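Structure first, commentary second.
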Amino acid sequence: MRHTISILCDDTPGVLTRISSLFSRRGFNIESLSVGHTETPGKSRFTIVVEGDEKILEQVRKQLQKLVHVIKAWGISQEESVEREHALLKIQMSEKQRGEILQIITAVQARIVDSSNRTWILEVTGDTSAIDNAFNLFRHYKIIESIRTGKISLERGSGKAAKK
C-alpha cells in the first residue's frame with residue numbers, strides 16, 4: 001500500500017540524510033520526496049511517499065519522531081488532504097503536430113513556459129493522476145526531457161501540523 005508521510009523539522013544540515021537513511025535501513029524505497037521551507041523561519045517540511053506495510057510504517061513514523069531536529073511526523077490520508085505534483089516536459093514537434101499538442105495542452109491545463117521553433121517546454125500541475133494522464137497523452141510525441149517533482153500535500157482544515 002502507498003503511504004504519504006509528512007515531517008516537520010528544523011532546517012539544519014544533515015536532517016535529510018538522517019531521515020532518508022531511516023527508510024533505507026528499513027528497506028523502504030522512497031517513491032517521492034519533497035522538502036521545502038514552511039511559514040515558520042528555520043523549519044522545513046518533508047512529504048515522503050513510500051510503499052509498504054502499515055504496521056512497519058507506523059514503527060518508522062515513531063522512529064522518525066525520535067530523530068534529532070524532527071518536531072513531528074505523521075501520516076496523511078489522500079481523502080483528507082490536497083495533493084499536488086509539478087512536471088516539466090520538453091517536447092519536440094513538427095509544424096503539423098502543433099495543433100494537436102495545443103489541444104492536449106488545453107485538455108490537461110498545461111502551460112507553455114518556453115518555446116523555440118521546434119521545441120516547447122510545458123508545465124503541468126495537478127494531483128498524481130493528472131500528471132500521469134499528461135505524460136500518457138504526450139507519450140505519442142517526442143519527449144526530449146522531462147522531470148517530475150514529488151508529491152506535496154497539506155491536510156484540509158486545521159490539519160495535524162497545526163496541532164504542534
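Every chain in the C-alpha cells has a letter given in the order shown (A, B, ...), and although residue numbers restart at 1 in each chain, ligands are simply numbered from 1 in the order shown.
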Near His3 in chain A, within 7 Å and counting only C-alpha atoms, which residues show up once chain neighbours fewer than 4 positions away are dropped, as a list in words?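 Neighbouring residues, sequence-local ones excluded: Val49, Val50 and Glu51 of chain A.
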Dump of N, CA and C atoms for the selected residues, as an mmCIF file, in the first residue's frame:
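That gives us part_9.cif:
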```cif
data_model
loop_
_atom_site.group_PDB
_atom_site.id
_atom_site.type_symbol
_atom_site.label_atom_id
_atom_site.label_comp_id
_atom_site.auth_asym_id
_atom_site.auth_seq_id
_atom_site.Cartn_x
_atom_site.Cartn_y
_atom_site.Cartn_z
ATOM 1 N N VAL A 49 6.593 9.786 0.024
ATOM 2 C CA VAL A 49 5.669 8.744 -0.405
ATOM 3 C C VAL A 49 6.441 7.437 -0.479
ATOM 4 N N VAL A 50 5.935 6.425 0.230
ATOM 5 C CA VAL A 50 6.569 5.101 0.250
ATOM 6 C C VAL A 50 5.505 4.021 0.101
ATOM 7 N N GLU A 51 5.948 2.881 -0.373
ATOM 8 C CA GLU A 51 5.087 1.702 -0.493
ATOM 9 C C GLU A 51 5.481 0.781 0.657
#
```
Report as a ChimeraX atom specification: the residues of chain A with a DSSP assignment of strand (DSSP E or B), based on the backbone of this structure. /A:2-10,30-37,43-51,70-76,81-92,111-115,119-126,142-148,152-155
Who sits within 12 Å of Tyr141 in chain A, only C-alpha atoms, same chain under 2 positions skipped, as number ranges by chain: A: 89-94, 96-98, 100-101, 104, 119-120, 134-139, 143-145
Residues near Glu58 in chain A, cut-off 12 Å, only C-alpha atoms, skip fewer than 6 positions along chain, as a PyMOL selection string: chain A and resi 3-5+23+26+52+64-65+73-75
Using DSSP on the backbone, list every residue of chain A that comes out as helix (DSSP H, G or I), and give them as an MDAnalysis selection string. chainID A and resid 15:25 54:66 78:80 95:107 128:138
Put those residues in a file: C-alpha atoms, as a JSON list (two decimals), in the first residue's frame.
```json
[["chain", "number", "residue", "atom", "x", "y", "z"],
["A", 15, "VAL", "CA", 18.45, 16.20, 8.54],
["A", 16, "LEU", "CA", 17.70, 14.87, 5.04],
["A", 17, "THR", "CA", 20.42, 12.23, 5.39],
["A", 18, "ARG", "CA", 19.13, 11.08, 8.78],
["A", 19, "ILE", "CA", 15.54, 10.84, 7.55],
["A", 20, "SER", "CA", 16.30, 9.06, 4.27],
["A", 21, "SER", "CA", 18.70, 6.60, 5.93],
["A", 22, "LEU", "CA", 15.97, 5.60, 8.39],
["A", 23, "PHE", "CA", 13.80, 4.50, 5.44],
["A", 24, "SER", "CA", 16.77, 2.81, 3.78],
["A", 25, "ARG", "CA", 17.61, 0.76, 6.89],
["A", 54, "GLU", "CA", 1.05, -0.16, 7.54],
["A", 55, "LYS", "CA", 2.32, -1.72, 10.77],
["A", 56, "ILE", "CA", 6.00, -1.36, 9.87],
["A", 57, "LEU", "CA", 5.41, 2.12, 8.51],
["A", 58, "GLU", "CA", 3.93, 3.15, 11.86],
["A", 59, "GLN", "CA", 7.17, 1.95, 13.53],
["A", 60, "VAL", "CA", 9.17, 4.07, 11.07],
["A", 61, "ARG", "CA", 6.98, 7.08, 11.87],
["A", 62, "LYS", "CA", 7.63, 6.59, 15.58],
["A", 63, "GLN", "CA", 11.38, 6.31, 14.95],
["A", 64, "LEU", "CA", 11.28, 9.47, 12.85],
["A", 65, "GLN", "CA", 9.67, 11.22, 15.79],
["A", 66, "LYS", "CA", 12.74, 10.33, 17.90],
["A", 78, "GLN", "CA", -5.47, 11.16, 0.47],
["A", 79, "GLU", "CA", -9.11, 11.78, 1.34],
["A", 80, "GLU", "CA", -8.32, 14.43, 3.96],
["A", 95, "GLU", "CA", 4.70, 22.03, -37.73],
["A", 96, "LYS", "CA", 1.80, 19.59, -38.33],
["A", 97, "GLN", "CA", 1.79, 18.45, -34.70],
["A", 98, "ARG", "CA", 1.44, 21.94, -33.15],
["A", 99, "GLY", "CA", -2.37, 21.97, -33.33],
["A", 100, "GLU", "CA", -2.67, 18.51, -31.77],
["A", 101, "ILE", "CA", -0.25, 19.41, -28.99],
["A", 102, "LEU", "CA", -2.11, 22.66, -28.29],
["A", 103, "GLN", "CA", -5.33, 20.64, -27.87],
["A", 104, "ILE", "CA", -3.64, 18.33, -25.34],
["A", 105, "ILE", "CA", -2.16, 21.34, -23.51],
["A", 106, "THR", "CA", -5.67, 22.75, -23.16],
["A", 107, "ALA", "CA", -7.12, 19.39, -22.07],
["A", 128, "THR", "CA", -0.75, 12.40, -9.31],
["A", 129, "SER", "CA", -3.37, 11.07, -11.72],
["A", 130, "ALA", "CA", -3.44, 14.37, -13.65],
["A", 131, "ILE", "CA", 0.34, 14.26, -14.12],
["A", 132, "ASP", "CA", 0.15, 10.57, -15.13],
["A", 133, "ASN", "CA", -2.57, 11.46, -17.63],
["A", 134, "ALA", "CA", -0.50, 14.29, -19.14],
["A", 135, "PHE", "CA", 2.53, 12.03, -19.58],
["A", 136, "ASN", "CA", 0.29, 9.40, -21.13],
["A", 137, "LEU", "CA", -1.17, 11.86, -23.65],
["A", 138, "PHE", "CA", 2.21, 13.31, -24.63]]
```
Non-local contacts of His37 in chain A (12 Å; only C-alpha atoms; under 2 positions in same chain excluded) as a list in words: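 After dropping sequence-adjacent residues, the list is Ile7, Leu8, Cys9, Asp10, Asp11, Thr12, Ser34, Val35, Glu39, Thr40, Pro41, Gly42, Lys43, Ser44, Arg45, Phe46 and Thr47 of chain A.
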Go ahead and save the residues from that selection, with N, CA and C atoms, as a PDB file, in the first residue's frame.
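Done, and the output landed in part_4.pdb:
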```pdb
ATOM      1  N   ILE A   7       6.628  15.351   7.546  1.00  0.00           N
ATOM      2  CA  ILE A   7       7.569  15.524   8.652  1.00  0.00           C
ATOM      3  C   ILE A   7       7.881  17.008   8.786  1.00  0.00           C
ATOM      4  N   LEU A   8       7.661  17.556   9.956  1.00  0.00           N
ATOM      5  CA  LEU A   8       8.033  18.922  10.262  1.00  0.00           C
ATOM      6  C   LEU A   8       9.335  18.852  11.048  1.00  0.00           C
ATOM      7  N   CYS A   9      10.356  19.604  10.609  1.00  0.00           N
ATOM      8  CA  CYS A   9      11.653  19.514  11.279  1.00  0.00           C
ATOM      9  C   CYS A   9      12.379  20.846  11.233  1.00  0.00           C
ATOM     10  N   ASP A  10      13.458  20.908  12.026  1.00  0.00           N
ATOM     11  CA  ASP A  10      14.334  22.067  11.974  1.00  0.00           C
ATOM     12  C   ASP A  10      15.070  22.055  10.640  1.00  0.00           C
ATOM     13  N   ASP A  11      15.306  23.216  10.087  1.00  0.00           N
ATOM     14  CA  ASP A  11      16.003  23.348   8.812  1.00  0.00           C
ATOM     15  C   ASP A  11      17.512  23.399   9.089  1.00  0.00           C
ATOM     16  N   THR A  12      18.106  22.217   9.275  1.00  0.00           N
ATOM     17  CA  THR A  12      19.528  22.131   9.599  1.00  0.00           C
ATOM     18  C   THR A  12      20.224  21.132   8.677  1.00  0.00           C
ATOM     19  N   SER A  34       9.760  15.384  -1.247  1.00  0.00           N
ATOM     20  CA  SER A  34       9.783  16.833  -1.470  1.00  0.00           C
ATOM     21  C   SER A  34      10.067  17.503  -0.143  1.00  0.00           C
ATOM     22  N   VAL A  35      10.911  18.508  -0.194  1.00  0.00           N
ATOM     23  CA  VAL A  35      11.268  19.248   1.013  1.00  0.00           C
ATOM     24  C   VAL A  35      11.192  20.726   0.696  1.00  0.00           C
ATOM     25  N   GLU A  39       6.042  28.162   6.644  1.00  0.00           N
ATOM     26  CA  GLU A  39       5.698  29.530   7.011  1.00  0.00           C
ATOM     27  C   GLU A  39       6.489  30.012   8.217  1.00  0.00           C
ATOM     28  N   THR A  40       7.132  29.088   8.947  1.00  0.00           N
ATOM     29  CA  THR A  40       7.925  29.417  10.122  1.00  0.00           C
ATOM     30  C   THR A  40       9.409  29.426   9.763  1.00  0.00           C
ATOM     31  N   PRO A  41      10.079  30.549   9.910  1.00  0.00           N
ATOM     32  CA  PRO A  41      11.523  30.582   9.602  1.00  0.00           C
ATOM     33  C   PRO A  41      12.290  29.527  10.395  1.00  0.00           C
ATOM     34  N   GLY A  42      13.210  28.837   9.713  1.00  0.00           N
ATOM     35  CA  GLY A  42      14.020  27.823  10.369  1.00  0.00           C
ATOM     36  C   GLY A  42      13.384  26.440  10.425  1.00  0.00           C
ATOM     37  N   LYS A  43      12.204  26.287   9.847  1.00  0.00           N
ATOM     38  CA  LYS A  43      11.508  24.996   9.837  1.00  0.00           C
ATOM     39  C   LYS A  43      11.289  24.548   8.395  1.00  0.00           C
ATOM     40  N   SER A  44      11.409  23.253   8.148  1.00  0.00           N
ATOM     41  CA  SER A  44      11.155  22.661   6.834  1.00  0.00           C
ATOM     42  C   SER A  44      10.120  21.569   6.975  1.00  0.00           C
ATOM     43  N   ARG A  45       9.510  21.243   5.854  1.00  0.00           N
ATOM     44  CA  ARG A  45       8.525  20.170   5.845  1.00  0.00           C
ATOM     45  C   ARG A  45       8.850  19.207   4.714  1.00  0.00           C
ATOM     46  N   PHE A  46       8.889  17.945   5.062  1.00  0.00           N
ATOM     47  CA  PHE A  46       9.109  16.861   4.110  1.00  0.00           C
ATOM     48  C   PHE A  46       7.762  16.242   3.773  1.00  0.00           C
ATOM     49  N   THR A  47       7.580  15.850   2.526  1.00  0.00           N
ATOM     50  CA  THR A  47       6.476  14.987   2.132  1.00  0.00           C
ATOM     51  C   THR A  47       7.126  13.786   1.465  1.00  0.00           C
TER      52      THR A  47
END
```
Proximity to Asp53 in chain A - best of A:His69, A:Arg2, A:Glu85, A:Glu31, only C-alpha atoms: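 Using only C-alpha atoms, Asp53 in chain A sits closest to A:Arg2.
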Using only C-alpha atoms for the distances, tell me which of A:Arg156, A:Arg84, A:Arg111, A:Lys151 is nearest to Ile48 in chain A.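 Closest residue, counting only C-alpha atoms: A:Lys151.
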